[in-house]
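K.L.:
Here's a structure for you.
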Amino acid sequence: MRSCREAYGMALVELKKKCPQLVVLDADLAEATYTKFFRDAYPDDFFDCGIAEQNMMAVAAGLSTTGLIPFVSTFAVFATLRASEQFRNSVCYPELNVKVAATHAGIECGADGATHQALEDLAVMRTIAKSTVLVPADAVATRALVFEAAAIDGPVYLRMGREKLPEIYKEGEIFKKGGSKCLRKGSDLALLACGSRVKTALDASALLEESGIHASVYDLYSVKPLDTRAIAEAMRTGLIVTIEDHQRNGGMGSAVCEAVCESGACRVIRVGIDNSFGRSGAFSELEKIYGIDALSVVKTCRSALDA
């Protein structure tokens, strides 16, 4: 198992060989974001901006105007809340080619506590015009989406957690902006997830199968733009349950609801953090406390089907 952040650091080194205009900026967190791999391999193209995330975003915007492709890295809570104005006005408004790759998103960062657990970042970044939002579910998806982000001409937000995750995909799997992956087919309901919760959806689907409930599982790795064809397909089951390590309001689940409302009638239940901040603790315990683990998803699905 590898964490998405570790795969991210490794992918940057690999990408530089094919993309010489790549530069990386970090906010004194290279050890945690794993941009240290890039720093050590390409020290002249690595810029540690210190604990000054707003300035770092503006520096990245400036560098992009010279033809460089900056990848900006820090914890998600700082990239999207502290530096959101600079991302909006200095990067997205002029449609500059800046990639924000944020780690430690969601309650997944566990012991770091509520102040560092970004539970609002998807809501912020997907509502800013001209942005693309991508959320890998494992190390393989992370590598592919780093390369995809570099190929996209314009602002990209890449969201990653902290923990090591089991690999869902095989090397060589293709991930594209606006795409999704159907990992399991079922007729009773559809589980739509992103990031670390994709494995949760697969586990919940397996548990539901034991009691005769057949659930489809979709990885909505492209939160913006969404794969509306996949959502239309999921709607045919009559029940969609979204799962994310994020506030229920404004995140992937809300994006799915918007798409469903525009295309037809289907019941949607959102599983996520319910109007609450996080707390310190092991992620394995926190996911149970906040009801985003597989057993909680199974309980939600059964209750909805029985209603």
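Starting from 1 in every chain, residues are counted up; chains themselves are A, B, ... following the order of the structure tokens, and ligands are numbered from 1 as listed.
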Excluding same-chain residues fewer than 6 positions from A:Phe47, what lies within 12 Å of it counting only C-alpha atoms, as a list in words?

P.N.:
Leu22, Val23, Val24, Leu25, Asp26, Ala27, Asp28, Leu29, Ala30, Thr35, Lys36, Phe38, Arg39, Asp40, Met56, Met57, Val59, Ala60, Leu63, Pro70, Phe71, Val72 and Ser73 of chain A

K.L.:
Stretch 132-177 of chain A: which residues are alpha helix (DSSP H) by DSSP, as a JSON list (two decimals) with C-alpha atoms, in the first residue's frame?

P.N.:
```
[["chain", "number", "residue", "atom", "x", "y", "z"],
["A", 139, "ALA", "CA", -1.56, 5.55, -5.83],
["A", 140, "VAL", "CA", -2.11, 4.37, -9.42],
["A", 141, "ALA", "CA", -4.89, 6.91, -9.96],
["A", 142, "THR", "CA", -2.72, 9.61, -8.39],
["A", 143, "ARG", "CA", 0.13, 9.09, -10.83],
["A", 144, "ALA", "CA", -2.26, 9.10, -13.78],
["A", 145, "LEU", "CA", -4.08, 12.21, -12.60],
["A", 146, "VAL", "CA", -0.82, 14.10, -11.99],
["A", 147, "PHE", "CA", 0.01, 13.54, -15.67],
["A", 148, "GLU", "CA", -3.56, 14.41, -16.67],
["A", 149, "ALA", "CA", -3.43, 17.63, -14.61],
["A", 150, "ALA", "CA", -0.23, 18.66, -16.39],
["A", 151, "ALA", "CA", -1.89, 18.05, -19.77]]
```

K.L.:
Can you pull out every residue from stretch 121-214 of chain A that DSSP, working from the backbone, puts in strand (DSSP E or B), and format the result as a PyMOL selection string?

P.N.:
chain A and resi 132-134+156-159+164-165+181-184+189-193

K.L.:
With only C-alpha atoms counted and 6 Å as the cut-off, give the residues of stretch 44-163 of chain A in contact with stretch 185-206 of chain A, each with its shortest interatomic distance in Å and the pair that gives it, as CSV.

P.N.:
```
residue,atom,partner,partner_atom,distance
A:Val135,CA,A:Gly195,CA,5.4
A:Pro136,CA,A:Gly195,CA,5.2
A:Ala137,CA,A:Gly195,CA,4.0
```

K.L.:
For the residues selected in the previous step, produce a file with N, CA and C atoms as an mmCIF file, in the first residue's frame.

P.N.:
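Just written: out-v3.cif:
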```cif
data_model
loop_
_atom_site.group_PDB
_atom_site.id
_atom_site.type_symbol
_atom_site.label_atom_id
_atom_site.label_comp_id
_atom_site.auth_asym_id
_atom_site.auth_seq_id
_atom_site.Cartn_x
_atom_site.Cartn_y
_atom_site.Cartn_z
ATOM 1 N N VAL A 135 -9.868 13.900 -7.838
ATOM 2 C CA VAL A 135 -9.673 13.253 -6.539
ATOM 3 C C VAL A 135 -9.292 11.783 -6.742
ATOM 4 N N PRO A 136 -8.011 11.440 -6.682
ATOM 5 C CA PRO A 136 -7.602 10.043 -6.883
ATOM 6 C C PRO A 136 -7.949 9.151 -5.704
ATOM 7 N N ALA A 137 -8.213 7.866 -6.018
ATOM 8 C CA ALA A 137 -8.612 6.900 -4.994
ATOM 9 C C ALA A 137 -7.468 6.018 -4.530
#
```

K.L.:
Could you tell me how far atom CA of A:Val217 sits from atom CA of A:Pro166, in Å to one decimal place?

P.N.:
16.4 Å

K.L.:
Within 8 Å of A:Arg5, counting only C-alpha atoms, which residues show up once you throw out same-chain ones fewer than 3 positions away? Write them as a ChimeraX atom specification, please.

P.N.:
/A:8-9,33-34,103,160-162

K.L.:
For the residues in that selection, give me all heavy atoms as a PDB file, in the first residue's frame.

P.N.:
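The resulting part_33.pdb:
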```
ATOM      1  N   TYR A   8       2.231  10.935  -5.476  1.00  0.00           N
ATOM      2  CA  TYR A   8       2.305  12.265  -6.076  1.00  0.00           C
ATOM      3  C   TYR A   8       3.752  12.721  -6.204  1.00  0.00           C
ATOM      4  O   TYR A   8       4.195  13.156  -7.276  1.00  0.00           O
ATOM      5  CB  TYR A   8       1.496  13.257  -5.237  1.00  0.00           C
ATOM      6  CG  TYR A   8       1.788  14.706  -5.514  1.00  0.00           C
ATOM      7  CD1 TYR A   8       1.524  15.258  -6.766  1.00  0.00           C
ATOM      8  CD2 TYR A   8       2.318  15.533  -4.524  1.00  0.00           C
ATOM      9  CE1 TYR A   8       1.786  16.597  -7.018  1.00  0.00           C
ATOM     10  CE2 TYR A   8       2.577  16.867  -4.774  1.00  0.00           C
ATOM     11  CZ  TYR A   8       2.318  17.399  -6.022  1.00  0.00           C
ATOM     12  OH  TYR A   8       2.576  18.720  -6.280  1.00  0.00           O
ATOM     13  N   GLY A   9       4.513  12.612  -5.115  1.00  0.00           N
ATOM     14  CA  GLY A   9       5.911  13.030  -5.152  1.00  0.00           C
ATOM     15  C   GLY A   9       6.721  12.259  -6.179  1.00  0.00           C
ATOM     16  O   GLY A   9       7.545  12.826  -6.907  1.00  0.00           O
ATOM     17  N   THR A  33       4.319  16.434   2.149  1.00  0.00           N
ATOM     18  CA  THR A  33       3.644  16.347   0.854  1.00  0.00           C
ATOM     19  C   THR A  33       4.399  15.448  -0.125  1.00  0.00           C
ATOM     20  O   THR A  33       3.903  15.163  -1.215  1.00  0.00           O
ATOM     21  CB  THR A  33       3.503  17.732   0.203  1.00  0.00           C
ATOM     22  OG1 THR A  33       4.814  18.267  -0.043  1.00  0.00           O
ATOM     23  CG2 THR A  33       2.721  18.687   1.103  1.00  0.00           C
ATOM     24  N   TYR A  34       5.585  15.039   0.267  1.00  0.00           N
ATOM     25  CA  TYR A  34       6.471  14.195  -0.553  1.00  0.00           C
ATOM     26  C   TYR A  34       6.987  14.905  -1.797  1.00  0.00           C
ATOM     27  O   TYR A  34       7.513  14.262  -2.707  1.00  0.00           O
ATOM     28  CB  TYR A  34       5.795  12.871  -0.921  1.00  0.00           C
ATOM     29  CG  TYR A  34       5.841  11.874   0.217  1.00  0.00           C
ATOM     30  CD1 TYR A  34       4.795  11.778   1.133  1.00  0.00           C
ATOM     31  CD2 TYR A  34       6.945  11.045   0.402  1.00  0.00           C
ATOM     32  CE1 TYR A  34       4.844  10.880   2.189  1.00  0.00           C
ATOM     33  CE2 TYR A  34       7.002  10.142   1.453  1.00  0.00           C
ATOM     34  CZ  TYR A  34       5.944  10.064   2.342  1.00  0.00           C
ATOM     35  OH  TYR A  34       5.994   9.183   3.394  1.00  0.00           O
ATOM     36  N   THR A 103      -2.549  17.911  -0.095  1.00  0.00           N
ATOM     37  CA  THR A 103      -2.564  16.666   0.669  1.00  0.00           C
ATOM     38  C   THR A 103      -3.260  16.868   2.014  1.00  0.00           C
ATOM     39  O   THR A 103      -3.668  17.972   2.357  1.00  0.00           O
ATOM     40  CB  THR A 103      -1.129  16.160   0.904  1.00  0.00           C
ATOM     41  OG1 THR A 103      -0.433  17.099   1.756  1.00  0.00           O
ATOM     42  CG2 THR A 103      -0.361  16.033  -0.408  1.00  0.00           C
ATOM     43  N   MET A 160      -5.752  15.049  -2.249  1.00  0.00           N
ATOM     44  CA  MET A 160      -5.214  13.792  -1.729  1.00  0.00           C
ATOM     45  C   MET A 160      -5.292  13.764  -0.205  1.00  0.00           C
ATOM     46  O   MET A 160      -5.249  14.808   0.446  1.00  0.00           O
ATOM     47  CB  MET A 160      -3.752  13.627  -2.158  1.00  0.00           C
ATOM     48  CG  MET A 160      -3.547  13.501  -3.659  1.00  0.00           C
ATOM     49  SD  MET A 160      -1.821  13.719  -4.138  1.00  0.00           S
ATOM     50  CE  MET A 160      -1.648  15.506  -4.033  1.00  0.00           C
ATOM     51  N   GLY A 161      -5.383  12.548   0.333  1.00  0.00           N
ATOM     52  CA  GLY A 161      -5.381  12.385   1.777  1.00  0.00           C
ATOM     53  C   GLY A 161      -3.994  12.091   2.312  1.00  0.00           C
ATOM     54  O   GLY A 161      -2.982  12.259   1.625  1.00  0.00           O
ATOM     55  N   ARG A 162      -3.939  11.588   3.538  1.00  0.00           N
ATOM     56  CA  ARG A 162      -2.673  11.331   4.203  1.00  0.00           C
ATOM     57  C   ARG A 162      -2.319   9.853   4.258  1.00  0.00           C
ATOM     58  O   ARG A 162      -1.161   9.468   4.125  1.00  0.00           O
ATOM     59  CB  ARG A 162      -2.727  11.879   5.645  1.00  0.00           C
ATOM     60  CG  ARG A 162      -1.455  11.660   6.446  1.00  0.00           C
ATOM     61  CD  ARG A 162      -1.636  12.122   7.888  1.00  0.00           C
ATOM     62  NE  ARG A 162      -0.393  12.070   8.619  1.00  0.00           N
ATOM     63  CZ  ARG A 162       0.110  10.975   9.201  1.00  0.00           C
ATOM     64  NH1 ARG A 162      -0.552   9.825   9.109  1.00  0.00           N
ATOM     65  NH2 ARG A 162       1.258  11.014   9.851  1.00  0.00           N
TER      66      ARG A 162
END
```

K.L.:
Please identify all polymer residues within 10 Å of A:Phe87, counting only C-alpha atoms, omitting same-chain residues fewer than 6 positions from it, and present them as a ChimeraX atom specification.

P.N.:
/A:54,57-58,60-61,79-81,93,96,98-100,125,128,131,155,157

K.L.:
So which residues touch A:Ile269 within 7 Å, counting only C-alpha atoms, skipping near sequence neighbours fewer than 4 positions away, as a PyMOL selection string?

P.N.:
chain A and resi 240-242

K.L.:
Atoms to include: N, CA, C and O atoms. Write the selected residues as a compact mmCIF listing (two decimals), in the first residue's frame.

P.N.:
```txt
# COMPACT_ATOMS: atom_id res chain seq x y z
N ILE A 240 -29.31 6.43 -5.29
CA ILE A 240 -27.89 6.75 -5.29
C ILE A 240 -27.48 7.12 -3.87
O ILE A 240 -28.15 7.91 -3.19
N VAL A 241 -26.37 6.56 -3.41
CA VAL A 241 -25.77 6.95 -2.13
C VAL A 241 -24.36 7.45 -2.42
O VAL A 241 -23.54 6.72 -2.99
N THR A 242 -24.09 8.70 -2.09
CA THR A 242 -22.76 9.27 -2.30
C THR A 242 -21.95 9.18 -1.01
O THR A 242 -22.51 9.29 0.09
```
